[in-house]
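Asker: Provided herewith: target07.cif, mmCIF, C-alpha atoms.
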```cif
data_input
#
loop_
_atom_site.label_atom_id
_atom_site.label_comp_id
_atom_site.auth_asym_id
_atom_site.auth_seq_id
_atom_site.Cartn_x
_atom_site.Cartn_y
_atom_site.Cartn_z
CA MET A 25 0.00 0.00 0.00
CA LYS A 26 2.84 2.34 0.93
CA ASP A 27 4.60 1.46 -2.32
CA ILE A 28 1.50 2.23 -4.40
CA TYR A 29 1.20 5.61 -2.68
CA TYR A 30 4.84 6.48 -3.40
CA ILE A 31 4.76 5.16 -6.98
CA ILE A 32 1.77 7.39 -7.74
CA TRP A 33 3.69 10.34 -6.28
CA VAL A 34 6.83 9.51 -8.25
CA ASP A 35 4.83 9.21 -11.45
CA SER A 36 2.95 12.47 -10.82
CA ILE A 37 6.16 14.40 -10.06
CA LEU A 38 8.03 13.04 -13.08
CA ARG A 39 5.14 13.52 -15.52
CA PHE A 40 4.43 17.03 -14.28
CA LYS A 41 8.08 18.05 -14.58
CA LYS A 42 8.21 16.49 -18.05
CA SER A 43 5.09 18.27 -19.30
CA LYS A 44 5.88 21.61 -17.62
CA PRO A 45 9.67 21.77 -17.13
CA LYS A 46 9.79 25.54 -16.57
CA ASP A 47 7.03 25.65 -13.99
CA LYS A 48 8.46 27.06 -10.75
CA ASP A 49 5.34 26.26 -8.71
CA TRP A 50 5.37 22.56 -9.53
CA LYS A 51 5.51 21.51 -5.88
CA VAL A 52 2.40 23.46 -4.93
CA LYS A 53 0.49 22.34 -8.02
CA ILE A 54 1.27 18.64 -7.63
CA PHE A 55 0.53 18.88 -3.93
CA LEU A 56 -2.87 20.49 -4.57
CA ILE A 57 -3.85 18.11 -7.38
CA ASN A 58 -2.93 14.98 -5.44
CA THR A 59 -4.52 16.24 -2.23
CA TRP A 60 -7.75 16.99 -4.15
CA ILE A 61 -7.75 13.49 -5.55
CA ASN A 62 -6.97 11.94 -2.14
CA ALA A 63 -9.87 13.91 -0.65
CA LEU A 64 -12.23 12.56 -3.29
CA ASN A 65 -10.90 9.06 -2.65
CA PHE A 66 -11.62 9.48 1.08
CA TRP A 67 -15.07 10.85 0.27
CA ILE A 68 -15.85 7.78 -1.88
CA ILE A 69 -14.92 5.44 1.00
CA ILE A 70 -16.97 7.42 3.52
CA ILE A 71 -20.05 7.72 1.28
CA TRP A 72 -20.10 3.96 0.57
CA LEU A 73 -19.76 3.26 4.31
CA LYS A 74 -22.70 5.60 4.85
CA PHE A 75 -24.63 4.02 1.97
CA PHE A 76 -24.34 0.54 3.51
CA LYS A 77 -25.06 2.00 6.98
CA ILE A 78 -21.70 0.81 8.34
CA TYR A 79 -20.35 4.17 9.46
CA ASP A 80 -21.60 7.74 9.24
CA ILE A 81 -19.31 10.64 10.10
CA PRO A 82 -20.87 13.99 10.89
CA LEU A 83 -19.78 16.80 8.57
CA ILE A 84 -18.41 20.09 9.81
CA SER A 85 -20.86 22.92 9.17
CA LEU A 86 -19.27 26.31 8.53
CA ASN A 87 -21.02 29.66 8.48
CA ILE A 88 -18.21 32.11 7.80
CA PHE A 89 -18.78 33.33 4.25
CA PRO A 90 -21.92 34.87 2.74
CA GLY A 91 -24.03 32.38 0.82
CA THR A 92 -23.52 28.64 1.02
CA LEU A 93 -21.10 27.85 -1.81
CA LEU A 94 -17.82 28.78 -0.11
CA ASN A 95 -18.98 27.46 3.27
CA GLU A 96 -19.72 24.07 1.72
CA PHE A 97 -16.44 24.06 -0.17
CA PHE A 98 -14.38 24.83 2.93
CA SER A 99 -16.25 22.38 5.15
CA PHE A 100 -15.54 19.65 2.57
CA ALA A 101 -11.92 20.77 2.27
CA ILE A 102 -11.36 20.76 6.03
CA GLU A 103 -13.01 17.41 6.59
CA PHE A 104 -11.66 15.48 3.60
CA ALA A 105 -8.67 17.33 2.15
CA LEU A 106 -6.92 18.73 5.22
CA PRO A 107 -5.89 15.35 6.73
CA PHE A 108 -4.35 14.34 3.38
CA GLY A 109 -2.76 17.74 2.97
CA VAL A 110 -0.90 17.26 6.25
CA LEU A 111 -0.03 13.65 5.40
CA ASN A 112 1.20 14.49 1.90
CA HIS A 113 3.25 17.39 3.17
CA PHE A 114 5.09 15.35 5.79
CA LEU A 115 5.48 12.19 3.70
CA ILE A 116 6.55 13.87 0.45
CA PHE A 117 7.69 17.47 0.72
CA HIS A 118 8.91 17.89 4.30
CA ARG A 119 12.71 18.25 4.24
CA ASP A 120 12.64 17.40 0.51
CA ARG A 121 11.75 13.77 1.11
CA TYR A 122 10.59 13.52 -2.51
CA LYS A 123 14.26 13.50 -3.62
CA LYS A 124 14.90 10.27 -1.71
CA ILE A 125 11.62 8.80 -2.96
CA LEU A 126 12.52 9.61 -6.57
CA GLU A 127 15.86 7.84 -6.12
CA LYS A 128 14.32 4.81 -4.43
CA TYR A 129 11.47 4.07 -6.84
CA PRO A 130 11.96 3.30 -10.55
CA VAL A 131 10.54 5.53 -13.27
CA PRO A 132 7.04 4.16 -13.95
CA LYS A 133 6.29 3.19 -17.54
CA ILE A 134 2.53 3.33 -17.05
CA LYS A 135 0.72 6.61 -16.31
CA TYR A 136 -0.24 5.59 -12.78
CA ALA A 137 -1.01 9.08 -11.52
CA TYR A 138 -3.25 9.89 -14.49
CA MET A 139 -5.07 6.56 -14.32
CA TYR A 140 -5.56 6.86 -10.56
CA SER A 141 -6.77 10.48 -10.71
CA LEU A 142 -9.14 9.90 -13.60
CA SER A 143 -10.62 6.72 -12.12
CA ILE A 144 -11.16 8.45 -8.75
CA ILE A 145 -12.87 11.44 -10.37
CA LEU A 146 -15.18 9.22 -12.42
CA PHE A 147 -15.90 6.84 -9.57
CA ALA A 148 -16.71 9.79 -7.28
CA LEU A 149 -19.26 11.03 -9.80
CA PHE A 150 -20.69 7.53 -10.18
CA SER A 151 -20.86 7.12 -6.37
CA ALA A 152 -22.59 10.49 -5.99
CA PHE A 153 -25.31 9.52 -8.46
CA ILE A 154 -25.80 6.02 -7.05
CA TYR A 155 -25.92 7.34 -3.47
CA SER A 156 -28.48 10.02 -4.37
CA ILE A 157 -30.74 7.62 -6.26
CA PHE A 158 -30.71 4.54 -3.99
CA ARG A 159 -30.08 5.82 -0.47
CA MET B 19 0.35 42.79 -10.95
CA GLY B 20 4.00 42.18 -11.82
CA ASN B 21 4.70 38.74 -13.22
CA TYR B 22 1.24 37.57 -12.24
CA SER B 23 -0.63 38.24 -15.49
CA ILE B 24 -4.37 38.12 -16.05
CA SER B 25 -4.04 35.04 -18.29
CA LYS B 26 -2.16 33.21 -15.52
CA PHE B 27 -4.89 34.15 -13.08
CA GLY B 28 -7.51 32.93 -15.55
CA THR B 29 -5.79 29.57 -15.95
CA ARG B 30 -5.48 29.06 -12.21
CA PHE B 31 -9.03 30.19 -11.65
CA SER B 32 -10.33 27.66 -14.17
CA GLU B 33 -8.26 24.91 -12.51
CA GLY B 34 -9.59 25.80 -9.06
CA ALA B 35 -13.16 26.29 -10.21
CA GLY B 36 -13.57 22.60 -10.97
CA ALA B 37 -12.46 21.67 -7.46
CA VAL B 38 -14.71 24.24 -5.76
CA THR B 39 -17.79 23.18 -7.72
CA THR B 40 -17.08 19.48 -7.18
CA TYR B 41 -16.46 19.81 -3.45
CA MET B 42 -19.58 21.91 -2.98
CA ALA B 43 -21.78 19.45 -4.89
CA TYR B 44 -20.36 16.39 -3.12
CA ASN B 45 -20.82 18.07 0.24
CA ASP B 46 -24.50 18.66 -0.60
CA ILE B 47 -24.95 15.07 -1.77
CA PHE B 48 -23.29 13.72 1.37
CA ASN B 49 -25.62 15.81 3.56
CA GLY B 50 -28.69 14.84 1.55
CA ASN B 51 -29.28 18.50 0.54
CA GLN B 52 -29.03 17.88 -3.17
CA HIS B 53 -31.18 19.71 -5.72
CA PRO B 54 -31.29 19.17 -9.50
CA ILE B 55 -28.56 21.81 -9.92
CA THR B 56 -26.29 19.85 -7.55
CA TYR B 57 -25.95 17.10 -10.16
CA LEU B 58 -25.08 19.69 -12.78
CA ASP B 59 -22.48 21.13 -10.37
CA ALA B 60 -21.04 17.66 -9.78
CA GLY B 61 -20.89 16.91 -13.50
CA VAL B 62 -19.39 20.25 -14.53
CA GLY B 63 -16.91 20.19 -11.64
CA THR B 64 -15.80 16.66 -12.46
CA VAL B 65 -15.24 17.51 -16.12
CA GLY B 66 -13.30 20.64 -15.09
CA LEU B 67 -11.16 18.78 -12.58
CA GLY B 68 -10.35 16.00 -15.05
CA ASN B 69 -9.56 18.53 -17.75
CA ALA B 70 -7.27 20.53 -15.44
CA LEU B 71 -5.18 17.60 -14.22
CA ALA B 72 -4.91 15.76 -17.56
CA PRO B 73 -2.06 17.81 -19.10
CA ALA B 74 -0.12 17.74 -15.83
CA PHE B 75 -0.02 13.95 -15.71
CA GLY B 76 0.64 13.19 -19.38
CA GLY B 77 -2.94 13.19 -20.65
CA SER B 78 -4.57 15.57 -23.07
CA SER B 79 -7.16 18.23 -22.35
CA VAL B 80 -9.73 20.17 -24.37
CA PRO B 81 -8.83 23.91 -24.23
CA VAL B 82 -12.37 25.35 -24.15
CA ILE B 83 -13.55 23.13 -21.27
CA GLY B 84 -11.50 25.01 -18.65
CA GLN B 85 -12.99 28.35 -19.63
CA ILE B 86 -16.54 26.96 -19.68
CA VAL B 87 -16.12 25.45 -16.20
CA ALA B 88 -14.59 28.69 -14.88
CA LEU B 89 -17.46 30.73 -16.33
CA TYR B 90 -20.06 28.32 -14.96
CA SER B 91 -18.50 28.46 -11.47
CA TRP B 92 -18.27 32.24 -11.58
CA VAL B 93 -21.93 32.64 -12.59
CA ARG B 94 -22.98 29.99 -10.09
CA PHE B 95 -21.11 31.71 -7.25
CA TRP B 96 -22.56 35.16 -7.87
CA GLY B 97 -26.00 33.77 -8.68
CA GLU B 98 -26.10 31.84 -5.44
CA LEU B 99 -24.78 34.83 -3.48
CA GLY B 100 -27.34 37.12 -5.09
CA TYR B 101 -30.16 34.67 -4.33
CA ASN B 102 -29.24 34.36 -0.64
CA HIS B 103 -28.14 37.97 -0.13
CA PRO B 104 -29.98 40.25 -2.58
CA VAL B 105 -28.49 43.74 -3.02
CA SER B 106 -31.73 45.23 -1.68
CA THR B 107 -30.95 43.79 1.77
CA TRP B 108 -27.33 44.98 1.98
CA PHE B 109 -28.04 48.32 3.70
CA ARG B 110 -31.22 47.34 5.54
CA ASP B 111 -31.17 47.10 9.33
CA ASP B 112 -31.47 43.59 10.69
CA GLU B 113 -35.03 43.45 12.02
CA THR B 114 -34.42 40.25 13.91
CA LYS B 115 -32.22 42.06 16.48
#
```
Please rewrite the model in this file as structure tokens.
Answerer:
Amino acid sequence: MKDIYYIIWVDSILRFKKSKPKDKDWKVKIFLINTWINALNFWIIIIWLKFFKIYDIPLISLNIFPGTLLNEFFSFAIEFALPFGVLNHFLIFHRDRYKKILEKYPVPKIKYAYMYSLSIILFALFSAFIYSIFR
Amino acid sequence: MGNYSISKFGTRFSEGAGAVTTYMAYNDIFNGNQHPITYLDAGVGTVGLGNALAPAFGGSSVPVIGQIVALYSWVRFWGELGYNHPVSTWFRDDETK
């Protein structure tokens, strides 16, 4: 499991640097993209647990911004993305750990990061529709 | 704005818009507060998110999609804000106090 996590990170770093070699903000962008995808992955697990009535976590309800859009976005981000943001920071970017990880793991031939991200996005959409219809 | 040009801002806004719309829609669905527009939000946000990350990870994206998602999110944000907080109520005293 740990290896899969690191291989996806290695692939995402290498592919991003290959497609955008002059991008100075690559760390922030890869961090944000992968954290977004991890958050969706976590959401999928939680919503299926809720769907089968195994476990139901209460969501944080924010009332800081006018309207509901930003409040809902930030409550989702805090609950689902923040834990992975912290985890990704300390496991990948803290004290440039990614350099050691890039040396340790071979260059992936398959687009793991792309496949993982795309499948999570599509499965999240599928889960959302199934949950709404059959719950 | 220095090195931070309007086109750069536009690109980043379109990348972020997909995430904001998706998160908001999924939060509504999770809470059971979904409306017909929530599904549209989820669909548009998902397409935007997929389109934004594709070129970064070696895939290909459709150029117009990012702008459409950004525009949709922008209109959605201000529309929702205007619906909940109409301009006519901005300078009115709060009668509930």
Asker: Hey, what comes out of the PyMOL selection byres ((chain A and resi 59-74) around 9) on this file? Could you write it as a ChimeraX atom specification?
Answerer: /A:54-58,75-81,100-101,103-109,112,140-142,144-145,147-148,151-152,155 /B:37,41,44,48
Asker: Between CA of Gly34 (chain B) and CA of Tyr29 (chain A), what distance in Å does the model show, to one decimal?
Answerer: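 These two atoms are separated by 23.8 Å.
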Asker: Once you count all atoms listed in the file, which residues of chain B turn out to be within 9 Å of chain A? Could you give them as a compact mmCIF listing (two decimals) with C-alpha atoms, in the frame of the given file?
Answerer:
```txt
# COMPACT_ATOMS: atom_id res chain seq x y z
CA ALA B 37 -12.46 21.67 -7.46
CA VAL B 38 -14.71 24.24 -5.76
CA THR B 39 -17.79 23.18 -7.72
CA THR B 40 -17.08 19.48 -7.18
CA TYR B 41 -16.46 19.81 -3.45
CA MET B 42 -19.58 21.91 -2.98
CA ALA B 43 -21.78 19.45 -4.89
CA TYR B 44 -20.36 16.39 -3.12
CA ASN B 45 -20.82 18.07 0.24
CA ASP B 46 -24.50 18.66 -0.60
CA ILE B 47 -24.95 15.07 -1.77
CA PHE B 48 -23.29 13.72 1.37
CA ASN B 49 -25.62 15.81 3.56
CA GLY B 50 -28.69 14.84 1.55
CA GLN B 52 -29.03 17.88 -3.17
CA TYR B 57 -25.95 17.10 -10.16
CA ALA B 60 -21.04 17.66 -9.78
CA GLY B 61 -20.89 16.91 -13.50
CA THR B 64 -15.80 16.66 -12.46
CA VAL B 65 -15.24 17.51 -16.12
CA LEU B 67 -11.16 18.78 -12.58
CA GLY B 68 -10.35 16.00 -15.05
CA LEU B 71 -5.18 17.60 -14.22
CA ALA B 72 -4.91 15.76 -17.56
CA PRO B 73 -2.06 17.81 -19.10
CA ALA B 74 -0.12 17.74 -15.83
CA PHE B 75 -0.02 13.95 -15.71
CA GLY B 76 0.64 13.19 -19.38
CA GLY B 77 -2.94 13.19 -20.65
CA ARG B 94 -22.98 29.99 -10.09
CA PHE B 95 -21.11 31.71 -7.25
CA GLU B 98 -26.10 31.84 -5.44
CA LEU B 99 -24.78 34.83 -3.48
CA GLY B 100 -27.34 37.12 -5.09
CA TYR B 101 -30.16 34.67 -4.33
CA ASN B 102 -29.24 34.36 -0.64
CA HIS B 103 -28.14 37.97 -0.13
```
Asker: Go ahead and compute the interatomic distance for CA of Leu86 (chain A) and CA of Asn51 (chain B), in Å to one decimal.
Answerer: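 It comes out at 15.0 Å.
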Asker: Separation of CA of Ile157 (chain A) and CA of Ile83 (chain B), in Å?
Answerer: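 Interatomic distance, CA of Ile157 (chain A) to CA of Ile83 (chain B): 27.6 Å.
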Asker: When you count all atoms listed in the file, which of these residues is closest to Ala70 (chain B): B:Val93, B:His53, B:Pro104, B:Gly84?
Answerer: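 Among the listed residues, B:Gly84 lies closest to Ala70 (chain B).
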Asker: With all atoms listed in the file as the counted atoms, please give the residues lying no more than 12 Å from Val82 (chain B), apart from itself and same-chain residues fewer than 2 positions off, as a ChimeraX atom specification.
Answerer: /B:29,32,65-66,69-70,79-80,84-89
